[in-house]
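*Asks:* Okay, here's the structure, questions in a sec.
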Amino acid sequence: GNIYVSTKGEATIYDGTISNGISSGGKPANLTNANYWPQRGGGIYVADRGTLTIKGGTFVGNAAYYGGAIAAVATNASHPVVVNIEGGKFYNGTGYTNSDSNRAYHNGGVVYIEGNGGSATLNIKDGADIGYARLTNPTAGIGGNIYAKNATINMTGGKVIAGKAIQGGNIFIADGGSAYEYPLTISGGTVSNGQATCSGYPSATYTKKDAEVGTILGGTRQAVTLFNKKGTEVEQ
């Protein structure tokens, strides 16, 4: 990828463009062959004990097997990773072309985050503009914009919109055997217009104004906490 946040490292992005990062190994075509895309984080990779904060900038055209723009992986419960998205735009226009959006082959067109024992956290705040990512695996692409496994997601503002996947167009929460412990909490912002093409799965669409049952794709209600405009929890 373009940027590597090393163990115990910290990085803050204020402005500029991070584009056309490829996560290593192989042909930068359209990620149609999984064998060419074994790595994570086309734009930025965050290693154990690393912290990434994004306050601005544009991220487009990045590609990886997991996490087209960003991947953060904690391999040990005592080695947490944290990603704070407080600004920045992760698409250019409203198209799904390679130059206008970010893409992954399998999971997380924009963000792939994975923890071990609750050691990974993604915070999405006002100013974050995440959208129009896609997965190029035609049969098993999961989490068009965001994929989280054994990780906590806190969304207090910003946008996650128009992702495409087989399951979980915008957000997919993998249970990893411990879904109940690692929730997605949305108390502000907008998650909308996700497209899930697998029959029987919701599109992972949520708006603060009109929260509805089943609009976020997660293993169980315990794994997902939604709040409507009045602050009332919405049953899944």
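Labels used: A, B, ... for chains in the order of the structure tokens, numbers from 1 for residues in each chain, and numbers from 1 for ligands as shown.
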Which residues, written as a VMD selection string, have at least one atom at most 8 Å from Arg103 of chain A, with only C-alpha atoms counted and residues fewer than 4 positions away on the same chain left out?

*Replies:* chain A and resid 61 to 64 67 to 69 98 108 to 110 133 to 136

*Asks:* Could you take the residues named above and write them with C-alpha atoms, as a short mmCIF file (atom, residue, chain, number, x, y, z; two decimals), in the first residue's frame?

*Replies:*
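In the end it all went to out-v5.cif:
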```
data_model
loop_
_atom_site.label_atom_id
_atom_site.label_comp_id
_atom_site.auth_asym_id
_atom_site.auth_seq_id
_atom_site.Cartn_x
_atom_site.Cartn_y
_atom_site.Cartn_z
CA GLY A 61 -8.52 4.23 -6.54
CA ASN A 62 -7.00 2.12 -3.76
CA ALA A 63 -7.30 -1.66 -3.94
CA ALA A 64 -6.53 -4.74 -1.86
CA GLY A 67 -9.56 -3.26 2.95
CA GLY A 68 -9.24 -1.30 -0.26
CA ALA A 69 -8.36 2.01 1.40
CA ASN A 98 -11.50 2.24 -10.33
CA GLY A 108 -14.17 -4.13 3.15
CA GLY A 109 -14.00 -1.92 0.08
CA VAL A 110 -12.96 1.06 2.22
CA ALA A 133 -16.88 1.18 -2.55
CA ARG A 134 -17.33 -2.23 -4.09
CA LEU A 135 -16.05 -5.77 -3.90
CA THR A 136 -14.94 -7.57 -7.01
#
```

*Asks:* Can you pull out every residue within 10 Å of Ser78 of chain A, counting only C-alpha atoms, but drop anything in the same chain fewer than 6 positions away, and send it as a list in words?

*Replies:*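 Contacts, in chain order: Asp48, Arg49, Asn116, Gly117, Gly118 and Ser119 of chain A.
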
*Asks:* Closest to Tyr66 of chain A among A:Gly144, A:Gly87, A:Gly50, A:Gly9, using only C-alpha atoms?

*Replies:* A:Gly144

*Asks:* Hey, what does DSSP flag as strand (DSSP E or B) within segment 30-147 of chain A? Can you give it to me as a PyMOL selection string?

*Replies:* chain A and resi 40+44-46+51-54+58-60+63-66+70-73+81-85+89+103-107+111-114+120-124+129-131+134-135+142+146-147

*Asks:* What does the distance from atom CA of Ile161 of chain A to atom CA of Pro80 of chain A come to in Å, to one decimal?

*Replies:* 27.2 Å

*Asks:* Name all residues at most 9 Å from Lys125 of chain A (count only C-alpha atoms; drop same-chain ones fewer than 6 positions away) and give them as a list in words.

*Replies:*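 So, after excluding close chain neighbours, the residues are Asn84, Ile85, Glu86, Gly87, Asn154, Met155, Thr156, Gly157, Gly158, Lys159, Gly188 and Gly189 of chain A.
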
*Asks:* Env of Ile146 of chain A: 9 Å cut, atoms = only C-alpha atoms, seq-sep filter 5 positions within chain, self excluded. Answer as a list in words.

*Replies:*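 These residues fall inside the cut-off: Gly67, Asn107, Gly108, Gly109, Val110, Val111, Tyr112, Ile113, Ala133, Val160, Gly163, Gly168, Gly169, Asn170, Ile171, Phe172 and Ile173 of chain A.
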
*Asks:* Check the smallest atom-to-atom distance from each of A:Gly42, A:Gly16, A:Gly56, A:Gly21 to Ile130 of chain A using only C-alpha atoms, then report the winner.

*Replies:*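 Smallest distance to Ile130 of chain A is found for A:Gly56.
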
*Asks:* Report, in Å to a single decimal, how far apart atom CA of Ile22 of chain A and atom CA of Ile44 of chain A are.

*Replies:*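 Result for atom CA of Ile44 of chain A versus atom CA of Ile22 of chain A: 9.7 Å, one decimal.
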
*Asks:* Using atom CA of Asn137 of chain A and atom CA of Tyr65 of chain A as the two end points, give the distance in Å to one decimal.

*Replies:*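 Between atom CA of Asn137 of chain A and atom CA of Tyr65 of chain A the gap works out to 9.4 Å.
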